[in-house]
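Shown here: entry-v8.cif, mmCIF, C-alpha atoms.
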```
data_work
#
loop_
_atom_site.label_atom_id
_atom_site.label_comp_id
_atom_site.auth_asym_id
_atom_site.auth_seq_id
_atom_site.Cartn_x
_atom_site.Cartn_y
_atom_site.Cartn_z
CA MET A 202 37.58 -30.22 33.60
CA ALA A 203 40.88 -28.71 32.59
CA PRO A 204 41.57 -28.44 28.89
CA VAL A 205 44.21 -30.75 27.54
CA ASP A 206 47.17 -29.26 25.65
CA PHE A 207 46.65 -31.31 22.54
CA GLU A 208 43.09 -30.05 22.33
CA LYS A 209 44.30 -26.53 21.72
CA GLU A 210 46.59 -27.75 18.99
CA LEU A 211 43.84 -29.87 17.57
CA GLN A 212 41.43 -26.97 17.69
CA ASP A 213 43.76 -24.70 15.71
CA ARG A 214 44.39 -27.42 13.22
CA LEU A 215 40.77 -28.45 12.75
CA ARG A 216 39.43 -24.91 12.63
CA SER A 217 41.83 -24.01 9.86
CA ARG A 218 40.95 -27.10 7.90
CA GLN A 219 39.12 -26.57 4.62
CA VAL A 220 37.18 -28.88 2.37
CA LYS A 221 36.32 -27.69 -1.08
CA PRO A 222 32.64 -27.99 -1.82
CA ARG A 223 31.33 -29.33 -5.09
CA GLU A 224 30.92 -26.99 -8.03
CA ASP A 225 27.14 -26.98 -7.97
CA SER A 226 26.85 -26.13 -4.30
CA TRP A 227 26.52 -22.40 -4.93
CA ASP A 228 24.00 -23.06 -7.70
CA ARG A 229 21.85 -24.96 -5.24
CA ILE A 230 22.05 -22.12 -2.74
CA GLU A 231 21.29 -19.56 -5.43
CA ALA A 232 18.35 -21.59 -6.70
CA ARG A 233 16.87 -21.68 -3.22
CA LEU A 234 17.40 -17.97 -2.70
CA GLU A 235 15.86 -17.25 -6.11
CA ALA A 236 12.89 -19.43 -5.28
CA GLU A 237 12.16 -17.20 -2.31
CA THR A 238 12.51 -13.90 -4.18
CA PRO A 239 9.69 -14.27 -6.73
CA ALA A 240 7.28 -15.07 -3.92
CA ARG A 241 8.12 -11.71 -2.39
CA LYS A 242 7.74 -10.04 -5.78
CA ARG A 243 4.37 -11.67 -6.31
CA GLY A 244 3.20 -10.29 -3.01
CA LEU A 245 4.37 -6.81 -3.95
CA GLY A 246 2.73 -7.07 -7.34
CA LYS A 247 -0.61 -7.72 -5.75
CA TRP A 248 -0.27 -4.68 -3.53
CA LYS A 249 0.83 -2.65 -6.52
CA TYR A 250 -2.35 -3.51 -8.40
CA LEU A 251 -4.50 -2.78 -5.39
CA ALA A 252 -2.80 0.58 -4.95
CA ALA A 253 -3.34 1.38 -8.64
CA ALA A 254 -7.01 0.52 -8.33
CA SER A 255 -7.42 2.81 -5.32
CA VAL A 256 -5.63 5.65 -7.15
CA VAL A 257 -7.99 5.26 -10.10
CA PHE A 258 -10.95 5.37 -7.73
CA LEU A 259 -9.68 8.46 -5.96
CA LEU A 260 -8.94 10.24 -9.23
CA GLY A 261 -12.39 9.46 -10.52
CA PHE A 262 -13.97 10.69 -7.33
CA PHE A 263 -12.06 13.98 -7.38
CA LEU A 264 -12.79 14.53 -11.07
CA LEU A 265 -16.45 14.03 -10.35
CA GLN A 266 -16.32 16.46 -7.48
CA GLU A 267 -14.48 19.08 -9.49
CA THR A 268 -16.90 18.89 -12.36
CA THR A 269 -19.87 19.29 -10.10
CA VAL A 270 -18.33 22.47 -8.76
CA ASP A 271 -17.07 23.73 -12.09
CA VAL A 272 -20.35 23.66 -13.94
CA PRO A 273 -21.78 26.80 -12.36
CA THR A 274 -18.87 28.93 -13.46
CA SER A 275 -21.42 30.98 -15.31
CA ASP A 276 -22.19 33.00 -12.23
CA ALA A 277 -21.78 36.06 -14.36
CA LEU A 278 -24.81 35.01 -16.31
CA VAL A 279 -26.85 34.95 -13.19
CA GLU A 280 -25.93 38.42 -12.23
CA SER A 281 -28.42 40.79 -13.64
CA PRO A 282 -27.50 44.42 -14.02
CA GLU A 283 -30.53 45.55 -12.07
CA PRO A 284 -32.20 43.92 -9.16
CA VAL A 285 -35.60 43.05 -10.42
CA VAL A 286 -37.30 42.01 -7.25
CA PRO A 287 -38.43 45.41 -6.07
CA GLU A 288 -40.22 46.00 -9.34
CA THR A 289 -42.26 42.86 -9.00
CA LYS A 290 -42.97 43.63 -5.44
CA ASP A 291 -44.05 47.16 -6.26
CA VAL A 292 -46.56 45.85 -8.70
CA ARG A 293 -48.13 43.79 -5.97
CA GLU A 294 -48.07 46.48 -3.40
CA THR A 295 -49.46 49.27 -5.46
CA ASN A 296 -51.78 46.97 -7.32
CA GLY A 297 -50.95 49.04 -10.32
CA VAL A 298 -49.76 48.26 -13.75
CA PRO A 299 -46.69 46.11 -13.55
CA GLU A 300 -43.53 46.74 -15.30
CA PRO A 301 -42.99 44.41 -18.19
CA THR A 302 -42.05 41.00 -17.00
CA LYS A 303 -38.38 41.54 -17.00
CA GLY A 304 -36.65 38.96 -14.90
CA SER A 305 -39.87 37.32 -14.17
CA GLY A 306 -38.19 33.96 -13.98
CA ILE A 307 -40.15 32.34 -16.67
CA SER A 308 -38.67 29.14 -17.84
CA PRO A 309 -39.09 28.31 -21.48
CA THR A 310 -38.66 24.63 -20.96
CA ASP A 311 -41.82 23.54 -19.31
CA PRO A 312 -44.70 24.99 -21.23
CA GLN A 313 -47.34 22.78 -19.67
CA LYS A 314 -46.75 23.64 -16.06
CA PRO A 315 -48.44 26.63 -14.52
CA LEU A 316 -45.85 28.83 -12.86
CA VAL A 317 -46.86 30.76 -9.81
CA LEU A 318 -44.66 33.51 -8.48
CA THR A 319 -45.28 34.44 -4.90
CA ASP A 320 -43.96 37.49 -3.19
CA THR A 321 -41.29 35.86 -1.09
CA GLU A 322 -40.43 33.32 -3.72
CA ALA A 323 -39.85 36.06 -6.18
CA GLN A 324 -37.43 37.63 -3.78
CA ASN A 325 -35.73 34.38 -3.07
CA SER A 326 -35.44 33.37 -6.65
CA MET A 327 -34.39 36.60 -8.21
CA GLY A 328 -32.58 38.78 -5.78
CA ARG A 329 -29.49 36.55 -5.49
CA LYS A 330 -26.52 35.97 -7.60
CA THR A 331 -25.11 32.55 -6.97
CA ARG A 332 -26.32 29.45 -8.63
CA SER A 333 -27.03 27.57 -5.48
CA ASP A 334 -29.02 30.42 -4.07
CA MET A 335 -31.00 30.78 -7.23
CA ASN A 336 -32.32 27.29 -7.00
CA VAL A 337 -35.72 28.14 -8.38
CA THR A 338 -37.91 25.51 -9.82
CA SER A 339 -40.58 26.08 -12.36
CA THR A 340 -43.31 25.40 -9.84
CA ASP A 341 -42.24 28.43 -7.83
CA ILE A 342 -43.38 30.79 -10.53
CA ALA A 343 -46.78 31.49 -11.96
CA VAL A 344 -48.00 33.84 -14.55
CA THR A 345 -51.61 34.78 -14.76
CA GLY A 346 -53.43 36.25 -17.66
CA GLU A 347 -56.91 36.71 -18.89
CA ASN A 348 -59.81 35.58 -16.75
CA ASN A 349 -57.49 34.95 -13.87
CA LYS A 350 -56.36 31.68 -15.41
CA SER A 351 -52.89 30.34 -15.19
CA LEU A 352 -51.16 30.75 -18.47
CA THR A 353 -49.03 28.31 -20.23
CA GLN A 354 -45.50 29.47 -20.55
CA PRO A 355 -44.77 31.14 -23.89
CA ASP A 356 -41.57 30.49 -25.70
CA LEU A 357 -39.36 33.45 -24.90
CA SER A 358 -35.84 34.33 -25.68
CA ASP A 359 -34.22 37.46 -24.30
CA ARG A 360 -37.11 39.81 -24.67
CA SER A 361 -39.74 40.59 -22.15
CA LEU A 362 -43.31 39.84 -22.81
CA ALA A 363 -44.32 43.39 -22.58
CA ALA A 364 -41.82 44.39 -25.19
CA LEU A 365 -43.37 42.17 -27.77
CA THR A 366 -45.48 43.64 -30.49
CA PRO A 367 -49.04 42.41 -30.90
CA GLU A 368 -48.07 40.62 -34.09
CA VAL A 369 -45.42 38.72 -32.34
CA ARG A 370 -47.79 37.95 -29.54
CA ASP A 371 -50.20 36.53 -32.03
CA ASP A 372 -47.47 34.46 -33.58
CA LEU A 373 -46.47 33.15 -30.23
CA LYS A 374 -50.07 32.73 -29.14
CA ILE A 375 -49.53 34.77 -26.07
CA PRO A 376 -52.69 36.27 -24.69
CA ASP A 377 -52.92 40.00 -24.75
CA GLY A 378 -52.88 42.05 -21.63
CA PRO A 379 -50.60 42.92 -18.83
CA TRP A 380 -48.85 40.28 -16.76
CA VAL A 381 -49.31 40.32 -13.04
CA SER A 382 -47.80 38.20 -10.36
CA VAL A 383 -50.32 36.99 -7.87
CA ASP A 384 -50.38 35.32 -4.57
CA PRO A 385 -51.42 31.74 -5.12
CA ASN A 386 -52.86 31.61 -1.63
CA GLN A 387 -55.34 34.22 -2.52
CA GLU A 388 -58.28 32.07 -3.41
CA ASP A 389 -60.61 34.70 -4.68
CA GLY A 390 -58.22 36.25 -7.19
CA LEU A 391 -59.20 39.21 -9.33
CA GLU A 392 -62.40 39.65 -11.17
CA ASP A 393 -62.27 39.40 -14.93
CA ALA A 394 -63.17 42.99 -15.34
CA GLU A 395 -60.46 44.07 -12.98
CA VAL A 396 -57.97 41.96 -14.80
CA GLU A 397 -59.02 43.45 -18.08
CA ALA A 398 -58.67 46.93 -16.67
CA LEU A 399 -55.30 46.19 -15.23
CA LEU A 400 -54.07 44.69 -18.44
CA SER A 401 -55.16 47.59 -20.58
CA GLU A 402 -53.74 50.01 -18.08
CA ALA A 403 -50.47 48.20 -18.14
CA LEU A 404 -50.38 48.25 -21.90
CA GLU A 405 -50.91 51.96 -21.93
CA VAL A 406 -48.14 52.51 -19.47
CA VAL A 407 -45.85 50.36 -21.48
CA GLU A 408 -46.64 52.11 -24.69
CA ASN A 409 -46.14 55.51 -23.11
CA LYS A 410 -42.98 54.83 -21.23
CA GLY A 411 -41.38 52.26 -23.45
CA VAL A 412 -39.31 49.37 -22.23
CA PRO A 413 -35.60 49.48 -21.59
CA ARG A 414 -34.57 46.53 -23.67
CA ASP A 415 -31.11 46.21 -22.35
CA THR A 416 -32.15 45.51 -18.84
CA THR A 417 -34.29 42.56 -19.69
CA SER A 418 -33.14 39.14 -18.74
CA LEU A 419 -34.42 35.67 -18.57
CA ASN A 420 -34.54 33.62 -15.46
CA PRO A 421 -31.00 32.33 -15.34
CA ALA A 422 -31.59 30.08 -12.41
CA ALA A 423 -34.01 27.87 -14.20
CA LEU A 424 -31.85 27.76 -17.31
CA LEU A 425 -28.74 27.06 -15.32
CA GLY A 426 -30.43 24.47 -13.23
CA GLU A 427 -31.58 22.61 -16.25
CA VAL A 428 -28.27 22.81 -18.11
CA GLU A 429 -26.41 21.87 -14.96
CA SER A 430 -28.50 18.84 -14.32
CA GLU A 431 -28.07 17.70 -17.91
CA LEU A 432 -24.33 18.24 -17.78
CA ASP A 433 -24.03 16.56 -14.41
CA GLN A 434 -25.95 13.58 -15.51
CA THR A 435 -24.01 13.15 -18.74
CA PHE A 436 -20.64 13.64 -17.10
CA ARG A 437 -21.42 11.36 -14.21
CA GLU A 438 -22.55 8.68 -16.58
CA GLN A 439 -19.33 9.00 -18.58
CA ILE A 440 -17.08 9.00 -15.51
CA LEU A 441 -18.87 6.08 -13.90
CA LYS A 442 -18.68 4.14 -17.15
CA LYS A 443 -14.95 4.78 -17.43
CA LEU A 444 -14.39 3.93 -13.76
CA LYS A 445 -16.33 0.75 -14.14
CA THR A 446 -14.31 -0.25 -17.19
CA GLY A 447 -11.00 0.61 -15.51
CA PHE A 448 -11.89 -1.17 -12.32
CA SER A 449 -12.94 -4.33 -14.12
CA LYS A 450 -9.64 -4.27 -16.05
CA VAL A 451 -7.63 -3.90 -12.84
CA ARG A 452 -9.65 -6.60 -11.12
CA THR A 453 -9.10 -8.97 -14.00
CA ALA A 454 -5.36 -8.21 -13.98
CA VAL A 455 -5.15 -8.84 -10.21
CA ALA A 456 -7.05 -12.08 -10.58
CA ASP A 457 -4.82 -13.23 -13.43
CA ARG A 458 -1.71 -12.27 -11.47
CA SER A 459 -2.73 -14.12 -8.34
CA GLN A 460 -3.55 -17.34 -10.22
CA MET B 170 49.59 -3.65 8.52
CA LYS B 171 46.99 -2.19 10.85
CA VAL B 172 45.61 -0.04 8.03
CA LYS B 173 45.38 -3.12 5.83
CA ILE B 174 43.40 -5.01 8.45
CA ILE B 175 41.03 -2.07 8.95
CA SER B 176 40.57 -1.82 5.20
CA LEU B 177 39.79 -5.52 4.98
CA LEU B 178 37.27 -5.25 7.81
CA GLN B 179 35.59 -2.30 6.15
CA HIS B 180 35.43 -4.20 2.90
CA GLU B 181 33.84 -7.13 4.71
CA LYS B 182 31.32 -4.85 6.35
CA ALA B 183 30.37 -3.37 3.00
CA LEU B 184 30.19 -6.83 1.52
CA ILE B 185 27.91 -8.05 4.30
CA ARG B 186 25.64 -5.03 3.92
CA LYS B 187 25.29 -5.57 0.19
CA ALA B 188 24.67 -9.27 0.66
CA ALA B 189 22.05 -8.47 3.27
CA GLU B 190 20.26 -6.39 0.64
CA GLY B 191 20.13 -9.46 -1.58
CA HIS B 192 23.06 -8.57 -3.85
CA ARG B 193 23.85 -11.93 -5.39
CA GLU B 194 27.50 -11.20 -6.24
CA SER B 195 28.26 -10.23 -2.64
CA GLN B 196 26.54 -13.35 -1.38
CA LYS B 197 28.63 -15.41 -3.74
CA GLU B 198 31.78 -13.71 -2.48
CA ILE B 199 30.87 -14.54 1.11
CA TYR B 200 30.13 -18.11 0.10
CA ASP B 201 33.45 -18.47 -1.72
CA ARG B 202 35.28 -17.10 1.28
CA TYR B 203 33.69 -19.25 3.99
CA ALA B 204 32.28 -22.35 2.29
CA PRO B 205 35.46 -24.53 2.49
CA GLY B 206 35.84 -23.90 6.23
CA MET B 207 32.16 -24.47 6.84
CA LEU B 208 32.12 -27.72 4.90
CA ALA B 209 35.04 -28.94 7.04
CA LEU B 210 33.04 -27.93 10.10
CA THR B 211 29.85 -29.71 9.08
CA GLN B 212 31.84 -32.74 8.13
CA ARG B 213 33.17 -33.01 11.67
CA TYR B 214 29.59 -33.52 12.81
CA VAL B 215 28.13 -35.27 9.79
CA LYS B 216 30.76 -37.68 8.57
CA ASP B 217 29.28 -38.33 5.16
CA ILE B 218 30.55 -35.63 2.81
CA HIS B 219 27.31 -35.47 0.83
CA PHE B 220 25.17 -35.00 3.92
CA ALA B 221 27.75 -32.55 5.23
CA GLU B 222 27.42 -30.58 2.03
CA ASP B 223 23.63 -30.59 2.28
CA VAL B 224 23.95 -29.29 5.80
CA MET B 225 26.37 -26.60 4.65
CA ILE B 226 23.97 -25.50 1.89
CA ASP B 227 21.05 -25.31 4.31
CA GLY B 228 23.30 -23.36 6.65
CA PHE B 229 24.26 -20.82 3.98
CA VAL B 230 20.65 -20.31 2.97
CA LYS B 231 19.88 -19.54 6.61
CA VAL B 232 22.90 -17.26 6.81
CA PHE B 233 21.72 -15.18 3.84
CA ARG B 234 18.17 -15.08 5.16
CA ALA B 235 19.35 -13.93 8.57
CA LEU B 236 21.99 -11.54 7.27
CA PRO B 237 19.86 -8.38 7.71
CA GLU B 238 19.74 -9.23 11.43
CA PHE B 239 23.52 -9.40 11.81
CA ARG B 240 24.52 -6.47 14.03
CA PHE B 241 28.32 -6.58 13.52
CA GLN B 242 28.82 -7.52 17.16
CA GLY B 243 31.54 -10.15 17.24
CA SER B 244 33.16 -12.04 14.43
CA PHE B 245 31.17 -12.65 11.26
CA GLU B 246 32.86 -15.99 10.79
CA GLY B 247 31.94 -16.98 14.36
CA TRP B 248 28.32 -16.07 13.60
CA ILE B 249 28.32 -18.25 10.49
CA ARG B 250 30.00 -21.10 12.39
CA ARG B 251 27.28 -21.06 15.03
CA ILE B 252 24.59 -21.26 12.38
CA MET B 253 26.39 -24.18 10.74
CA VAL B 254 26.85 -26.02 14.04
CA ARG B 255 23.16 -25.61 14.86
CA GLU B 256 22.25 -26.83 11.40
CA ALA B 257 24.50 -29.89 11.74
CA ILE B 258 23.07 -30.74 15.13
CA ASP B 259 19.53 -30.34 13.80
CA PHE B 260 20.48 -32.77 11.07
CA LEU B 261 21.87 -35.27 13.58
CA ARG B 262 18.89 -34.88 15.85
CA LYS B 263 16.66 -36.09 13.07
CA ARG B 264 18.65 -39.32 13.02
CA PRO B 265 17.79 -41.60 15.91
CA PHE B 266 21.06 -43.48 16.31
CA VAL B 267 23.12 -41.01 18.33
CA VAL B 268 23.65 -42.69 21.71
CA TYR B 269 25.10 -40.95 24.72
CA ASP B 270 26.98 -43.05 27.24
CA GLU B 271 25.64 -42.12 30.68
CA THR B 272 28.16 -44.05 32.81
CA LYS B 273 30.02 -42.07 35.46
CA MET B 274 33.39 -40.56 34.68
CA GLU B 275 36.52 -41.27 36.66
CA ALA B 276 39.61 -39.10 37.00
CA PRO B 277 40.12 -36.27 34.48
CA VAL B 278 42.42 -36.92 31.55
CA THR B 279 45.45 -34.63 31.60
CA GLU B 280 47.77 -36.31 29.14
CA PRO B 281 49.80 -33.83 27.09
CA PHE B 282 50.57 -34.54 23.46
CA THR B 283 52.95 -33.31 20.86
CA SER B 284 52.17 -30.45 18.47
CA ASP B 285 53.84 -32.27 15.60
CA PRO B 286 51.57 -31.87 12.54
CA TYR B 287 51.98 -35.47 11.56
CA HIS B 288 50.85 -36.65 14.97
CA LEU B 289 48.07 -34.10 15.05
CA GLU B 290 46.74 -35.58 11.84
CA ALA B 291 46.76 -38.99 13.47
CA LEU B 292 44.92 -37.49 16.44
CA GLU B 293 42.35 -35.95 14.12
CA LYS B 294 41.65 -39.36 12.68
CA LEU B 295 41.25 -40.74 16.17
CA VAL B 296 38.72 -38.03 16.97
CA GLU B 297 36.80 -38.81 13.80
CA ALA B 298 36.73 -42.46 14.82
CA LEU B 299 35.10 -41.68 18.19
CA PRO B 300 31.54 -42.86 18.76
CA GLU B 301 29.10 -40.18 17.61
CA GLY B 302 27.94 -39.11 21.07
CA TYR B 303 31.52 -38.67 22.30
CA ARG B 304 32.64 -37.02 19.13
CA LEU B 305 29.81 -34.52 19.19
CA VAL B 306 30.46 -33.31 22.69
CA PHE B 307 34.24 -33.42 22.23
CA THR B 308 34.05 -31.38 19.02
CA LEU B 309 31.64 -28.84 20.48
CA TYR B 310 33.68 -28.45 23.64
CA ALA B 311 37.28 -28.80 22.49
CA ILE B 312 37.09 -27.52 18.92
CA GLU B 313 34.20 -25.03 18.85
CA GLY B 314 34.65 -23.79 22.39
CA TYR B 315 31.08 -24.27 23.64
CA LYS B 316 30.41 -24.52 27.39
CA HIS B 317 28.73 -27.57 28.88
CA ALA B 318 25.56 -25.59 29.52
CA GLU B 319 25.41 -24.57 25.86
CA ILE B 320 26.11 -28.11 24.70
CA ALA B 321 23.38 -29.40 26.98
CA THR B 322 20.91 -26.98 25.44
CA LEU B 323 22.05 -27.66 21.89
CA LEU B 324 21.92 -31.43 22.18
CA ASP B 325 18.97 -31.47 24.53
CA ILE B 326 20.88 -33.39 27.18
CA SER B 327 21.84 -32.64 30.77
CA GLU B 328 25.03 -30.79 31.62
CA SER B 329 26.37 -33.82 33.49
CA THR B 330 25.80 -35.98 30.42
CA SER B 331 27.82 -33.50 28.41
CA LYS B 332 30.65 -33.69 30.95
CA THR B 333 30.53 -37.47 30.96
CA GLN B 334 30.69 -37.60 27.19
CA LEU B 335 33.71 -35.35 27.14
CA TYR B 336 35.48 -37.38 29.80
CA LYS B 337 34.85 -40.60 27.96
CA ALA B 338 35.97 -39.14 24.66
CA ARG B 339 39.22 -38.03 26.19
CA LYS B 340 39.75 -41.35 27.90
CA GLN B 341 39.18 -43.26 24.69
CA LEU B 342 41.55 -40.99 22.85
CA GLN B 343 44.16 -41.56 25.53
CA GLN B 344 43.69 -45.29 25.25
CA GLN B 345 44.01 -45.24 21.49
CA ILE B 346 47.11 -43.06 21.63
CA LYS B 347 48.71 -45.54 24.01
CA GLU B 348 47.93 -48.33 21.63
CA SER B 349 49.03 -46.42 18.53
CA SER B 350 52.41 -45.11 17.55
CA ILE B 351 51.60 -41.50 18.47
CA PRO B 352 54.30 -40.48 20.94
CA ARG B 353 53.66 -38.58 24.15
CA TYR B 354 55.99 -35.80 25.02
CA GLY B 355 56.84 -34.09 28.25
CA THR B 356 54.49 -33.03 31.00
CA ARG B 357 52.27 -30.08 31.56
#
```
Output the file's structure in the form of structure tokens.
Amino acid sequence: MAPVDFEKELQDRLRSRQVKPREDSWDRIEARLEAETPARKRGLGKWKYLAAASVVFLLGFFLLQETTVDVPTSDALVESPEPVVPETKDVRETNGVPEPTKGSGISPTDPQKPLVLTDTEAQNSMGRKTRSDMNVTSTDIAVTGENNKSLTQPDLSDRSLAALTPEVRDDLKIPDGPWVSVDPNQEDGLEDAEVEALLSEALEVVENKGVPRDTTSLNPAALLGEVESELDQTFREQILKKLKTGFSKVRTAVADRSQ
Amino acid sequence: MKVKIISLLQHEKALIRKAAEGHRESQKEIYDRYAPGMLALTQRYVKDIHFAEDVMIDGFVKVFRALPEFRFQGSFEGWIRRIMVREAIDFLRKRPFVVYDETKMEAPVTEPFTSDPYHLEALEKLVEALPEGYRLVFTLYAIEGYKHAEIATLLDISESTSKTQLYKARKQLQQQIKESSIPRYGTR
């Protein structure tokens, strides 16, 4: 159908025609556009809270991780100036009088438990320098004394048993005699007389030779282990408590926001 | 002159971009610029000025929503016009009393008319007085420049119905012009 001339004229005229809208027309448009915007903002707000909650979680997790690693920074304490394992081993091998119990790995914390120190365990527990490697528990170590009985652990500080004077021994209620590490698998053990002989022999040697005080050290592994576990537990409890509090706050805020 | 046009186009582009980002002032500027023309457009389809204004408002809300999708291909005004036309037709479609006359058309109308503004105004009134079905197709075809296929899709009718409506609209206009004082000039 061919276009009619007047249609072109009419088209130009009608297309250029304008009708002024009412004053409030833009307000109505704006109101509708505004009504859509907060919905978008609400959606974003929810995501923002969720993101914040995840960040708090991640931070808590990393803090926890870092603390677990940071605690054993006292590696230097573990390092002993002299390797003590060969001395213990020599005592066993030669069946002679042992050197004073330097580095014998005696833990002062568990006086009721008998501590048995085997040959390989002594090596494992004392010949290494890192905390993780020195993961020695009190049950790995034993000290025997008179009558081949397991002794209760005396309260020691930084001195070796052998270096103690008899008066101090009495005060501490430590039995007299030399200290020997024994193989717990050895059922027979030593005879009382032999033990007595060994102890007196050891005392003589000690008195004659003296004890180098500076080289003595306590078992750092046991000490560290205990301190570490206490620290870990306390810190974990604190962090978890804080995380729990923070998370509940965030959850409450999200719930309030979405209502 | 050319520089001025380019500058205006660039300003419009910047304005559209800002409006697309939700900048309210830019949206208002676009509204102020195009609203009068768009209200005239919607009123050609929806006679009642209040309904026409409602349609225009709905159309502008859709324009601002769809603005981020505008790719600057073709005229911005043309893009807005199409949205408004669709909105007006959606409005009319919801009303059940638009009737399309399906009777066959006869010979095409080829009557030329004057371009005198006074007579054009009289013609405009005649177009407005056309039955709704005729007026819709006539406006879409003659004023907005849609093809019959597009009109058929828009109005959900067949192409032949669209052609018939246009023919009948023209014929009625011709009849009314004959009866009225609008003069006919020359030949084409």
Return the neighbours of chain B among the residues of chain A, cut-off 12 Å, counting only C-alpha atoms, as a ChimeraX atom specification.
/A:202-238
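CA of Arg250 in chain B lies 12.1 Å from CA of Val224 in chain B.
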Output of the PyMOL selection byres ((chain B and resi 317-319) around 7), listed as a PDB file with C-alpha atoms, keeping the file's coordinate frame:
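expr28.pdb was written with the following content:
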```
ATOM      1  CA  TYR B 315      31.080 -24.270  23.640  1.00  0.00           C
ATOM      2  CA  LYS B 316      30.410 -24.520  27.390  1.00  0.00           C
ATOM      3  CA  ILE B 320      26.110 -28.110  24.700  1.00  0.00           C
ATOM      4  CA  ALA B 321      23.380 -29.400  26.980  1.00  0.00           C
ATOM      5  CA  THR B 322      20.910 -26.980  25.440  1.00  0.00           C
ATOM      6  CA  LEU B 323      22.050 -27.660  21.890  1.00  0.00           C
ATOM      7  CA  GLU B 328      25.030 -30.790  31.620  1.00  0.00           C
ATOM      8  CA  SER B 331      27.820 -33.500  28.410  1.00  0.00           C
ATOM      9  CA  LYS B 332      30.650 -33.690  30.950  1.00  0.00           C
TER      10      LYS B 332
END
```
Around the point (27.2, -6.9, 0.4) (coordinates from the file), which residues reach within 7 Å if we count only C-alpha atoms? Answer as JSON, numbers by chain.
{"B": [183, 184, 185, 186, 187, 188, 189, 190, 192, 195, 196]}
How big is the axis-aligned box around the listed atoms of range 257-261 of chain B once 5 Å is added on each side, and where is its centre? Give both in Å to one decimal, as lines of an AutoDock Vina configuration file.
```
center_x = 22.0
center_y = -32.6
center_z = 13.1
size_x = 15.0
size_y = 15.4
size_z = 14.1
```
Kindly give the distance, in Å, that separates CA of Glu301 in chain B and CA of Tyr214 in chain B, rounded to a single decimal.
8.2 Å
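The space separating CA of Arg452 in chain A from CA of Val256 in chain A comes to 13.5 Å.
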